[in-house]
Each structure stands twice: as structure tokens, then as C-alpha cells.
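Shown next: protein20.cif, given as mmCIF, C-alpha atoms.
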```cif
data_upload
#
loop_
_atom_site.label_atom_id
_atom_site.label_comp_id
_atom_site.auth_asym_id
_atom_site.auth_seq_id
_atom_site.Cartn_x
_atom_site.Cartn_y
_atom_site.Cartn_z
CA MET Q 1 -11.26 9.03 5.73
CA ILE Q 2 -12.02 5.50 6.89
CA LEU Q 3 -9.05 3.16 6.52
CA PRO Q 4 -9.25 -0.65 6.22
CA ASP Q 5 -8.67 -0.95 9.97
CA LYS Q 6 -11.81 1.25 10.39
CA ARG Q 7 -9.76 4.00 12.03
CA PRO Q 8 -10.91 7.51 11.01
CA VAL Q 9 -8.22 9.94 9.90
CA GLU Q 10 -8.50 13.73 9.85
CA ARG Q 11 -8.23 14.21 6.08
CA ASP Q 12 -10.44 13.60 3.11
CA PHE Q 13 -8.01 12.23 0.47
CA ALA Q 14 -5.47 9.40 0.45
CA ASN Q 15 -3.21 8.15 -2.33
CA ILE Q 16 -2.03 4.54 -2.49
CA THR Q 17 0.65 4.25 -5.15
CA ASP Q 18 3.89 2.29 -5.40
CA TYR Q 19 5.83 4.20 -8.04
CA SER Q 20 8.58 1.56 -8.11
CA LEU Q 21 6.25 -0.97 -9.76
CA GLU Q 22 6.55 -1.66 -13.49
CA CYS Q 23 3.71 -2.88 -15.65
CA PRO Q 24 4.27 -6.51 -16.69
CA LYS Q 25 4.36 -7.20 -20.41
CA GLY Q 26 0.85 -7.80 -21.74
CA ALA Q 27 -0.90 -6.24 -18.72
CA ARG Q 28 -2.87 -3.01 -18.67
CA LYS Q 29 -2.56 -0.18 -16.15
CA PHE Q 30 -5.59 1.00 -14.16
CA PHE Q 31 -6.34 3.42 -11.36
CA ALA Q 32 -9.34 3.58 -9.04
CA PHE Q 33 -11.09 6.25 -7.02
CA ILE Q 34 -12.83 4.83 -3.97
CA HIS Q 35 -15.41 7.17 -2.41
CA PHE Q 36 -16.52 6.58 1.18
CA THR Q 37 -19.71 7.39 3.06
CA ASP Q 38 -17.88 10.11 5.04
CA ASP Q 39 -17.22 12.00 1.75
CA SER Q 40 -13.54 11.06 1.72
CA THR Q 41 -11.77 9.64 -1.33
CA CYS Q 42 -8.87 7.29 -1.91
CA LEU Q 43 -6.87 7.01 -5.13
CA TRP Q 44 -5.18 3.70 -5.83
CA SER Q 45 -3.00 3.80 -8.91
CA ASN Q 46 -0.61 1.42 -10.64
CA ILE Q 47 -3.08 -1.45 -10.67
CA PHE Q 48 -1.62 -3.85 -13.22
CA THR Q 49 -3.94 -6.51 -14.58
CA PHE Q 50 -5.39 -7.76 -17.84
CA ASN Q 51 -8.89 -6.23 -17.78
CA ARG Q 52 -11.24 -3.98 -15.83
CA THR Q 53 -12.99 -6.96 -14.18
CA PHE Q 54 -9.77 -8.12 -12.53
CA ALA Q 55 -8.98 -4.52 -11.52
CA THR Q 56 -12.39 -4.34 -9.82
CA MET Q 57 -11.74 -7.61 -8.01
CA LEU Q 58 -8.37 -6.30 -6.76
CA VAL Q 59 -9.98 -3.11 -5.45
CA ILE Q 60 -12.72 -5.06 -3.66
CA GLU Q 61 -10.08 -7.35 -2.13
CA LYS Q 62 -7.89 -4.43 -0.99
CA PHE Q 63 -10.81 -2.56 0.60
CA GLY Q 64 -12.68 -5.66 1.77
CA ASP Q 65 -12.32 -4.72 5.44
CA CYS Q 66 -14.29 -1.51 4.96
CA LEU Q 67 -16.70 -2.24 2.10
CA GLU Q 68 -19.64 -1.24 4.26
CA TYR Q 69 -18.25 2.34 4.19
CA VAL Q 70 -17.64 2.46 0.40
CA SER Q 71 -20.18 4.53 -1.49
CA SER Q 72 -18.67 4.12 -4.98
CA ILE Q 73 -15.72 2.72 -6.90
CA ASN Q 74 -14.62 4.25 -10.20
CA ILE Q 75 -11.99 2.38 -12.22
CA HIS Q 76 -10.20 3.95 -15.18
CA GLU Q 77 -7.59 2.63 -17.57
CA GLN Q 78 -4.43 4.70 -17.65
CA GLU Q 79 -2.73 5.30 -20.98
CA TYR Q 80 1.03 5.02 -21.16
#
```
What would you get if you wrote out this structure as C-alpha cells?
Amino acid sequence: MILPDKRPVERDFANITDYSLECPKGARKFFAFIHFTDDSTCLWSNIFTFNRTFATMLVIEKFGDCLEYVSSINIHEQEY
């Protein structure tokens, strides 16, 4: 897996989740799978925002340091 500091790690899946976060009133809950060119995957869950466009912008901001290694981003809304 290629991390934002461009340091390879010897595994093919990472999970970025802060389970202590609570969804603000009126926001929606999303999660994203980020697939990299080295066939590794990262799951980022508990993305709280108002629509899928803002969720995409947050993912691009979070992984901005390694976008050249991203092969796809899949964003899904999570039901409560």
C-alpha cells in the first residue's frame, strides 16, 4: 500500500476510521474505497458531509499527496 507520505507498506488493505465521531444533525454518512496502482486498497469510513460531491472533495484532499498512485475512488452512502 502507498501511504500519503509515499512510503510503501507490506500489506494490501488499510482502514481509516474514527469510531468516536458522531454524524452531525442534517449530515449524511459516507465511506470510500480508494484503490491504488499497486493493487492495494484503503477504506475510509465515517465521512460526514451533506452530499456525495463534498465527500469526493474530502477524499481527494485527504489523499492529495498520493493522487498519482490512485487508480480509482468509490464513494458509497452508508445507511444508519
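Closest approach to Q:Phe36 among Q:Ile75, Q:Leu67, Q:Met57, Q:Leu21 is made by Q:Leu67 (distances from all atoms listed in the file).
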Any idea what's packed within 9 Å of Q:Gln78, counting only C-alpha atoms, ignoring anything in its chain fewer than 5 positions away? Could you give it as a short mmCIF file (atom, residue, chain, number, x, y, z; two decimals) with C-alpha atoms, in the coordinates of the input?
```
data_model
loop_
_atom_site.label_atom_id
_atom_site.label_comp_id
_atom_site.auth_asym_id
_atom_site.auth_seq_id
_atom_site.Cartn_x
_atom_site.Cartn_y
_atom_site.Cartn_z
CA ARG Q 28 -2.87 -3.01 -18.67
CA LYS Q 29 -2.56 -0.18 -16.15
CA PHE Q 30 -5.59 1.00 -14.16
CA PHE Q 31 -6.34 3.42 -11.36
CA SER Q 45 -3.00 3.80 -8.91
CA ASN Q 46 -0.61 1.42 -10.64
#
```
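In this model, the gap between atom CA of Q:Asp65 and atom CA of Q:Asp18 comes to 20.7 Å.
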For a cut-off of 9 Å around (-11.1, 0.2, -1.4), file coordinates, pick out all residues using all atoms listed in the file and list them as a CSV table (one decimal) with C-alpha atoms, in the coordinates of the input.
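Result went into selection_14.csv, see below:
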```
chain,number,residue,atom,x,y,z
Q,3,LEU,CA,-9.0,3.2,6.5
Q,4,PRO,CA,-9.2,-0.6,6.2
Q,32,ALA,CA,-9.3,3.6,-9.0
Q,33,PHE,CA,-11.1,6.2,-7.0
Q,34,ILE,CA,-12.8,4.8,-4.0
Q,35,HIS,CA,-15.4,7.2,-2.4
Q,36,PHE,CA,-16.5,6.6,1.2
Q,42,CYS,CA,-8.9,7.3,-1.9
Q,43,LEU,CA,-6.9,7.0,-5.1
Q,44,TRP,CA,-5.2,3.7,-5.8
Q,58,LEU,CA,-8.4,-6.3,-6.8
Q,59,VAL,CA,-10.0,-3.1,-5.4
Q,60,ILE,CA,-12.7,-5.1,-3.7
Q,61,GLU,CA,-10.1,-7.4,-2.1
Q,62,LYS,CA,-7.9,-4.4,-1.0
Q,63,PHE,CA,-10.8,-2.6,0.6
Q,64,GLY,CA,-12.7,-5.7,1.8
Q,65,ASP,CA,-12.3,-4.7,5.4
Q,66,CYS,CA,-14.3,-1.5,5.0
Q,67,LEU,CA,-16.7,-2.2,2.1
Q,70,VAL,CA,-17.6,2.5,0.4
Q,73,ILE,CA,-15.7,2.7,-6.9
```
Of the candidates Q:Glu77, Q:Asn15, Q:Tyr69, Q:Cys23, which shows the shortest atom-to-atom distance to Q:Asn51, using only C-alpha atoms? Q:Glu77
Apply the PyMOL selection byres ((chain Q and resi 13) around 6) to the structure shown and report the selected residues as a list in words.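 Here the PyMOL selection byres ((chain Q and resi 13) around 6) matches Arg11, Asp12, Ala14, Ser40, Thr41 and Cys42 of chain Q.
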State, in Å with one decimal place, the distance from atom CA of Q:Thr49 to atom CA of Q:Thr37.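 Going from atom CA of Q:Thr49 over to atom CA of Q:Thr37, I get 27.4 Å.
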Separation of atom CA of Q:Asn74 from atom CA of Q:Ala27, in Å and rounded to one decimal: 19.3 Å
Please produce stretch 33-44 of chain Q, completed to all heavy atoms, as a PDB file, in the frame of the given file.
```
ATOM      1  N   PHE Q  33     -10.672   5.320  -8.064  1.00  0.00           N
ATOM      2  CA  PHE Q  33     -11.090   6.250  -7.020  1.00  0.00           C
ATOM      3  C   PHE Q  33     -12.129   5.530  -6.186  1.00  0.00           C
ATOM      4  O   PHE Q  33     -13.122   5.036  -6.718  1.00  0.00           O
ATOM      5  CB  PHE Q  33     -11.694   7.527  -7.612  1.00  0.00           C
ATOM      6  CG  PHE Q  33     -10.681   8.488  -8.143  1.00  0.00           C
ATOM      7  CD1 PHE Q  33     -10.460   8.597  -9.498  1.00  0.00           C
ATOM      8  CD2 PHE Q  33      -9.943   9.274  -7.279  1.00  0.00           C
ATOM      9  CE1 PHE Q  33      -9.519   9.476  -9.998  1.00  0.00           C
ATOM     10  CE2 PHE Q  33      -8.994  10.164  -7.760  1.00  0.00           C
ATOM     11  CZ  PHE Q  33      -8.789  10.263  -9.121  1.00  0.00           C
ATOM     12  N   ILE Q  34     -11.895   5.461  -4.888  1.00  0.00           N
ATOM     13  CA  ILE Q  34     -12.830   4.830  -3.970  1.00  0.00           C
ATOM     14  C   ILE Q  34     -13.415   5.948  -3.110  1.00  0.00           C
ATOM     15  O   ILE Q  34     -12.676   6.680  -2.439  1.00  0.00           O
ATOM     16  CB  ILE Q  34     -12.146   3.775  -3.078  1.00  0.00           C
ATOM     17  CG1 ILE Q  34     -11.547   2.657  -3.944  1.00  0.00           C
ATOM     18  CG2 ILE Q  34     -13.129   3.172  -2.102  1.00  0.00           C
ATOM     19  CD1 ILE Q  34     -10.179   2.917  -4.440  1.00  0.00           C
ATOM     20  N   HIS Q  35     -14.721   6.128  -3.165  1.00  0.00           N
ATOM     21  CA  HIS Q  35     -15.410   7.170  -2.410  1.00  0.00           C
ATOM     22  C   HIS Q  35     -16.112   6.519  -1.216  1.00  0.00           C
ATOM     23  O   HIS Q  35     -16.765   5.485  -1.372  1.00  0.00           O
ATOM     24  CB  HIS Q  35     -16.433   7.892  -3.289  1.00  0.00           C
ATOM     25  CG  HIS Q  35     -15.809   8.503  -4.494  1.00  0.00           C
ATOM     26  ND1 HIS Q  35     -15.204   9.730  -4.476  1.00  0.00           N
ATOM     27  CD2 HIS Q  35     -15.670   8.036  -5.758  1.00  0.00           C
ATOM     28  CE1 HIS Q  35     -14.732  10.000  -5.677  1.00  0.00           C
ATOM     29  NE2 HIS Q  35     -14.994   8.979  -6.475  1.00  0.00           N
ATOM     30  N   PHE Q  36     -15.966   7.126  -0.047  1.00  0.00           N
ATOM     31  CA  PHE Q  36     -16.520   6.580   1.180  1.00  0.00           C
ATOM     32  C   PHE Q  36     -17.742   7.367   1.649  1.00  0.00           C
ATOM     33  O   PHE Q  36     -17.978   8.488   1.202  1.00  0.00           O
ATOM     34  CB  PHE Q  36     -15.446   6.577   2.283  1.00  0.00           C
ATOM     35  CG  PHE Q  36     -14.293   5.664   1.969  1.00  0.00           C
ATOM     36  CD1 PHE Q  36     -13.161   6.147   1.344  1.00  0.00           C
ATOM     37  CD2 PHE Q  36     -14.342   4.317   2.280  1.00  0.00           C
ATOM     38  CE1 PHE Q  36     -12.099   5.315   1.045  1.00  0.00           C
ATOM     39  CE2 PHE Q  36     -13.292   3.472   1.988  1.00  0.00           C
ATOM     40  CZ  PHE Q  36     -12.165   3.978   1.363  1.00  0.00           C
ATOM     41  N   THR Q  37     -18.481   6.774   2.552  1.00  0.00           N
ATOM     42  CA  THR Q  37     -19.710   7.390   3.060  1.00  0.00           C
ATOM     43  C   THR Q  37     -19.444   8.663   3.864  1.00  0.00           C
ATOM     44  O   THR Q  37     -20.360   9.448   4.075  1.00  0.00           O
ATOM     45  CB  THR Q  37     -20.496   6.395   3.930  1.00  0.00           C
ATOM     46  OG1 THR Q  37     -19.651   5.925   4.983  1.00  0.00           O
ATOM     47  CG2 THR Q  37     -20.993   5.217   3.097  1.00  0.00           C
ATOM     48  N   ASP Q  38     -18.207   8.881   4.315  1.00  0.00           N
ATOM     49  CA  ASP Q  38     -17.880  10.110   5.040  1.00  0.00           C
ATOM     50  C   ASP Q  38     -17.379  11.206   4.099  1.00  0.00           C
ATOM     51  O   ASP Q  38     -16.759  12.170   4.534  1.00  0.00           O
ATOM     52  CB  ASP Q  38     -16.869   9.831   6.155  1.00  0.00           C
ATOM     53  CG  ASP Q  38     -15.499   9.422   5.627  1.00  0.00           C
ATOM     54  OD1 ASP Q  38     -15.371   9.182   4.402  1.00  0.00           O
ATOM     55  OD2 ASP Q  38     -14.565   9.329   6.431  1.00  0.00           O
ATOM     56  N   ASP Q  39     -17.617  11.049   2.789  1.00  0.00           N
ATOM     57  CA  ASP Q  39     -17.220  12.000   1.750  1.00  0.00           C
ATOM     58  C   ASP Q  39     -15.717  12.077   1.527  1.00  0.00           C
ATOM     59  O   ASP Q  39     -15.232  13.021   0.904  1.00  0.00           O
ATOM     60  CB  ASP Q  39     -17.782  13.402   2.004  1.00  0.00           C
ATOM     61  CG  ASP Q  39     -19.286  13.421   1.919  1.00  0.00           C
ATOM     62  OD1 ASP Q  39     -19.842  12.688   1.084  1.00  0.00           O
ATOM     63  OD2 ASP Q  39     -19.914  14.166   2.696  1.00  0.00           O
ATOM     64  N   SER Q  40     -14.969  11.105   2.001  1.00  0.00           N
ATOM     65  CA  SER Q  40     -13.540  11.060   1.720  1.00  0.00           C
ATOM     66  C   SER Q  40     -13.308  10.200   0.478  1.00  0.00           C
ATOM     67  O   SER Q  40     -14.183   9.450   0.046  1.00  0.00           O
ATOM     68  CB  SER Q  40     -12.775  10.503   2.927  1.00  0.00           C
ATOM     69  OG  SER Q  40     -13.201   9.185   3.218  1.00  0.00           O
ATOM     70  N   THR Q  41     -12.114  10.329  -0.097  1.00  0.00           N
ATOM     71  CA  THR Q  41     -11.770   9.640  -1.330  1.00  0.00           C
ATOM     72  C   THR Q  41     -10.372   9.055  -1.226  1.00  0.00           C
ATOM     73  O   THR Q  41      -9.491   9.652  -0.608  1.00  0.00           O
ATOM     74  CB  THR Q  41     -11.804  10.615  -2.521  1.00  0.00           C
ATOM     75  OG1 THR Q  41     -13.082  11.227  -2.573  1.00  0.00           O
ATOM     76  CG2 THR Q  41     -11.519   9.918  -3.832  1.00  0.00           C
ATOM     77  N   CYS Q  42     -10.188   7.908  -1.844  1.00  0.00           N
ATOM     78  CA  CYS Q  42      -8.870   7.290  -1.910  1.00  0.00           C
ATOM     79  C   CYS Q  42      -8.562   7.006  -3.373  1.00  0.00           C
ATOM     80  O   CYS Q  42      -9.424   6.516  -4.114  1.00  0.00           O
ATOM     81  CB  CYS Q  42      -8.866   5.992  -1.103  1.00  0.00           C
ATOM     82  SG  CYS Q  42      -7.261   5.182  -1.087  1.00  0.00           S
ATOM     83  N   LEU Q  43      -7.351   7.327  -3.795  1.00  0.00           N
ATOM     84  CA  LEU Q  43      -6.870   7.010  -5.130  1.00  0.00           C
ATOM     85  C   LEU Q  43      -5.895   5.860  -5.014  1.00  0.00           C
ATOM     86  O   LEU Q  43      -4.940   5.923  -4.245  1.00  0.00           O
ATOM     87  CB  LEU Q  43      -6.170   8.217  -5.758  1.00  0.00           C
ATOM     88  CG  LEU Q  43      -5.349   7.936  -7.026  1.00  0.00           C
ATOM     89  CD1 LEU Q  43      -6.241   7.491  -8.172  1.00  0.00           C
ATOM     90  CD2 LEU Q  43      -4.529   9.149  -7.408  1.00  0.00           C
ATOM     91  N   TRP Q  44      -6.137   4.798  -5.755  1.00  0.00           N
ATOM     92  CA  TRP Q  44      -5.180   3.700  -5.830  1.00  0.00           C
ATOM     93  C   TRP Q  44      -4.751   3.606  -7.284  1.00  0.00           C
ATOM     94  O   TRP Q  44      -5.563   3.348  -8.168  1.00  0.00           O
ATOM     95  CB  TRP Q  44      -5.812   2.395  -5.362  1.00  0.00           C
ATOM     96  CG  TRP Q  44      -4.877   1.223  -5.402  1.00  0.00           C
ATOM     97  CD1 TRP Q  44      -3.514   1.249  -5.387  1.00  0.00           C
ATOM     98  CD2 TRP Q  44      -5.225  -0.166  -5.473  1.00  0.00           C
ATOM     99  NE1 TRP Q  44      -2.991  -0.014  -5.440  1.00  0.00           N
ATOM    100  CE2 TRP Q  44      -4.029  -0.908  -5.490  1.00  0.00           C
ATOM    101  CE3 TRP Q  44      -6.432  -0.840  -5.532  1.00  0.00           C
ATOM    102  CZ2 TRP Q  44      -4.008  -2.285  -5.563  1.00  0.00           C
ATOM    103  CZ3 TRP Q  44      -6.416  -2.220  -5.595  1.00  0.00           C
ATOM    104  CH2 TRP Q  44      -5.214  -2.935  -5.595  1.00  0.00           C
TER     105      TRP Q  44
END
```
